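Heads up, the thing below is written out as structure tokens.
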Amino acid sequence: MDNNLISRSAMLEELKEWYNEAKERENANYEWETFESSGIESAMLCVENFPAIDALPITGDTSDGYHTFNELYHHRAVLFSVICNDRPGIAWKSKKHHDGTMYNGMFIVGIDTPEGQATYHYDLDPYWDMFHVREVDSAPEWDGHTPDEAIRRIGTLAMVKDAEPVRHGEWILNPSDLYDDATWVCSVCGHEWVLIDGTPQENDMHYCPKCGARMDGGKNNGTAK
Ligand SMILES: [Zn+2]
């Protein structure tokens with residue numbers, strides 16, 4: 001889109017409006033051509049002959065003179081990962097939206113603030129591994145929050161005085177299990193999880209889905225067998 005042509009035609013429109021207003025006000029009987037020979041004509045010519053400078057396409061390398069978009073996106077992703085990693089109990093990431101869709105090569109990561117969810121999309125590479133939060137099959141349903149609302153909600157996290165410290169637990173295999181399915185107990189909250197196949201680690205349960213405890217608090221990588 002050529003912004004210069006648009007603004008130029010808009011300016012011409014404005015000049016014609018001035019002319020029409022002046023004509024009405026003065027009850028003048030001269031024609032547009034006559035009016036053009038007055039001072040407005042040079043203004044018109046000036047606008048018409050103003051060189052159309054092609055606006056540079058806006059890309060990730062576009063800069064405001066200090067930072068490029070790419071740089072700012074990168075900073076935003078790293079800063080949000082620090083916020084989420086500090087609160088793994090209330091943060092999550094997913095390769096699918098609630099409806100199963102996703103933008104190509106991207107994922108969604110969110111945090112549940114006192115005022116509701118705040119989410120961002122990032123490129124899988126290199127940001128997926130930067131977020132040490134629990135992975136969910138699909139994201140919670142979007143509650144309609146705008147980018148403005150998201151950053152405002154993230155701000156409310158600072159108001160949470162007793163932000164829960166990261167709790168470290170381990171998966172304990174229920175020894176009284178009588179069946180083939182294994183029951184694993186979170187050492188922090190006591191919630192039981194039945195796994196049909198494999199250990200919690202093999203099922204990527206590095207956090208307790210119930211209480212968010214990080215399962216690195218015991219021997220054998222958090223698995224007490
Ligand atoms: Zn737990």
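Chain labels run A, B, ... following the order of the structure tokens; each chain numbers its residues from 1, and ligands are numbered from 1 in the order shown.
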
Which residues are near ligand 1 - at most 7 Å, using only C-alpha atoms and all ligand atoms? Format: as a PDB file with C-alpha atoms, in the first residue's frame.
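selection.pdb, written as the output of this step:
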ATOM      1  CA  CYS A 186       2.326 -36.780  44.359  1.00  0.00           C
ATOM      2  CA  SER A 187       4.443 -36.431  47.506  1.00  0.00           C
ATOM      3  CA  VAL A 188       3.310 -32.804  47.897  1.00  0.00           C
ATOM      4  CA  CYS A 189      -0.480 -32.915  47.535  1.00  0.00           C
ATOM      5  CA  GLY A 190      -1.141 -36.650  47.760  1.00  0.00           C
ATOM      6  CA  HIS A 191      -3.159 -36.744  44.571  1.00  0.00           C
ATOM      7  CA  CYS A 208       2.129 -32.567  39.298  1.00  0.00           C
ATOM      8  CA  PRO A 209      -0.887 -31.576  37.168  1.00  0.00           C
ATOM      9  CA  LYS A 210      -2.881 -31.034  40.371  1.00  0.00           C
ATOM     10  CA  CYS A 211      -0.632 -28.834  42.505  1.00  0.00           C
ATOM     11  CA  GLY A 212       2.150 -27.864  40.105  1.00  0.00           C
ATOM     12  CA  ALA A 213       4.954 -29.232  42.265  1.00  0.00           C
TER      13      ALA A 213
END

Checklist entry - Can you list, as a ChimeraX atom specification, every protein, DNA or RNA residue that comes within 12 Å of Glu141 (chain A) when you count only C-alpha atoms, leaving out same-chain residues fewer than 6 positions away? => result /A:94,96-101,108,110,116-119

Atoms kept (N, CA and C atoms) for selection, written as a PDB file, in the first residue's frame:
ATOM      1  N   SER A  94       1.126 -25.229  25.271  1.00  0.00           N
ATOM      2  CA  SER A  94       0.451 -26.221  24.444  1.00  0.00           C
ATOM      3  C   SER A  94       0.740 -25.977  22.969  1.00  0.00           C
ATOM      4  N   LYS A  96      -1.442 -26.797  20.818  1.00  0.00           N
ATOM      5  CA  LYS A  96      -2.769 -26.690  20.200  1.00  0.00           C
ATOM      6  C   LYS A  96      -3.632 -25.687  20.952  1.00  0.00           C
ATOM      7  N   HIS A  97      -4.426 -24.942  20.204  1.00  0.00           N
ATOM      8  CA  HIS A  97      -5.466 -24.133  20.812  1.00  0.00           C
ATOM      9  C   HIS A  97      -6.556 -25.057  21.351  1.00  0.00           C
ATOM     10  N   HIS A  98      -7.497 -24.459  22.058  1.00  0.00           N
ATOM     11  CA  HIS A  98      -8.626 -25.206  22.601  1.00  0.00           C
ATOM     12  C   HIS A  98      -9.357 -25.981  21.512  1.00  0.00           C
ATOM     13  N   ASP A  99      -9.430 -25.390  20.303  1.00  0.00           N
ATOM     14  CA  ASP A  99     -10.176 -26.027  19.214  1.00  0.00           C
ATOM     15  C   ASP A  99      -9.288 -26.930  18.350  1.00  0.00           C
ATOM     16  N   GLY A 100      -8.044 -27.156  18.805  1.00  0.00           N
ATOM     17  CA  GLY A 100      -7.172 -28.080  18.095  1.00  0.00           C
ATOM     18  C   GLY A 100      -6.330 -27.445  17.000  1.00  0.00           C
ATOM     19  N   THR A 101      -6.525 -26.157  16.730  1.00  0.00           N
ATOM     20  CA  THR A 101      -5.755 -25.479  15.679  1.00  0.00           C
ATOM     21  C   THR A 101      -4.461 -24.910  16.260  1.00  0.00           C
ATOM     22  N   ILE A 108       1.400 -21.952  22.107  1.00  0.00           N
ATOM     23  CA  ILE A 108       0.793 -20.947  22.977  1.00  0.00           C
ATOM     24  C   ILE A 108       1.229 -21.232  24.404  1.00  0.00           C
ATOM     25  N   GLY A 110       0.677 -19.785  28.494  1.00  0.00           N
ATOM     26  CA  GLY A 110      -0.185 -18.911  29.284  1.00  0.00           C
ATOM     27  C   GLY A 110       0.086 -19.016  30.768  1.00  0.00           C
ATOM     28  N   GLY A 116      -7.267 -13.500  35.708  1.00  0.00           N
ATOM     29  CA  GLY A 116      -7.572 -14.317  34.537  1.00  0.00           C
ATOM     30  C   GLY A 116      -6.331 -14.652  33.734  1.00  0.00           C
ATOM     31  N   GLN A 117      -6.539 -15.401  32.652  1.00  0.00           N
ATOM     32  CA  GLN A 117      -5.412 -15.913  31.874  1.00  0.00           C
ATOM     33  C   GLN A 117      -4.727 -14.797  31.068  1.00  0.00           C
ATOM     34  N   ALA A 118      -3.450 -14.996  30.823  1.00  0.00           N
ATOM     35  CA  ALA A 118      -2.693 -14.131  29.916  1.00  0.00           C
ATOM     36  C   ALA A 118      -1.876 -15.067  29.041  1.00  0.00           C
ATOM     37  N   THR A 119      -1.968 -14.893  27.724  1.00  0.00           N
ATOM     38  CA  THR A 119      -1.319 -15.849  26.823  1.00  0.00           C
ATOM     39  C   THR A 119      -0.528 -15.143  25.729  1.00  0.00           C
TER      40      THR A 119
END

Checklist entry - What is the distance, in Å and to one decimal place, between CA of Glu71 (chain A) and CA of Gly144 (chain A)? => result 27.1 Å

Item to check | Nearest to Gly155 (chain A), chosen from A:Asp123, A:Asp197, A:Asp112, A:Asp181, with only C-alpha atoms counted in the distances | outcome: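 The answer is A:Asp112, which sits nearest to Gly155 (chain A).
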
Next on the checklist: I'd like the neighbourhood of Gly60 (chain A) as a list in words, where a residue qualifies if any of its atoms comes within 8 Å (using only C-alpha atoms), though same-chain residues fewer than 3 positions away should be ignored.
Outcome noted: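 In the requested format, the answer is Thr68, Phe69 and Asn70 of chain A.
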
Writing out the chosen residues with N, CA and C atoms as an mmCIF file, in the first residue's frame:
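That gives us again_27.cif:
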data_model
loop_
_atom_site.group_PDB
_atom_site.id
_atom_site.type_symbol
_atom_site.label_atom_id
_atom_site.label_comp_id
_atom_site.auth_asym_id
_atom_site.auth_seq_id
_atom_site.Cartn_x
_atom_site.Cartn_y
_atom_site.Cartn_z
ATOM 1 N N THR A 68 14.946 -3.352 16.954
ATOM 2 C CA THR A 68 14.146 -3.928 15.868
ATOM 3 C C THR A 68 12.975 -4.695 16.476
ATOM 4 N N PHE A 69 11.959 -4.953 15.648
ATOM 5 C CA PHE A 69 10.826 -5.760 16.111
ATOM 6 C C PHE A 69 11.306 -7.128 16.590
ATOM 7 N N ASN A 70 12.218 -7.741 15.794
ATOM 8 C CA ASN A 70 12.723 -9.067 16.171
ATOM 9 C C ASN A 70 13.342 -9.053 17.562
#

Item to check | For CA of Asp86 (chain A) and CA of Phe131 (chain A), the interatomic separation in Å (one decimal) | outcome: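 Going from CA of Asp86 (chain A) over to CA of Phe131 (chain A) covers 10.0 Å.
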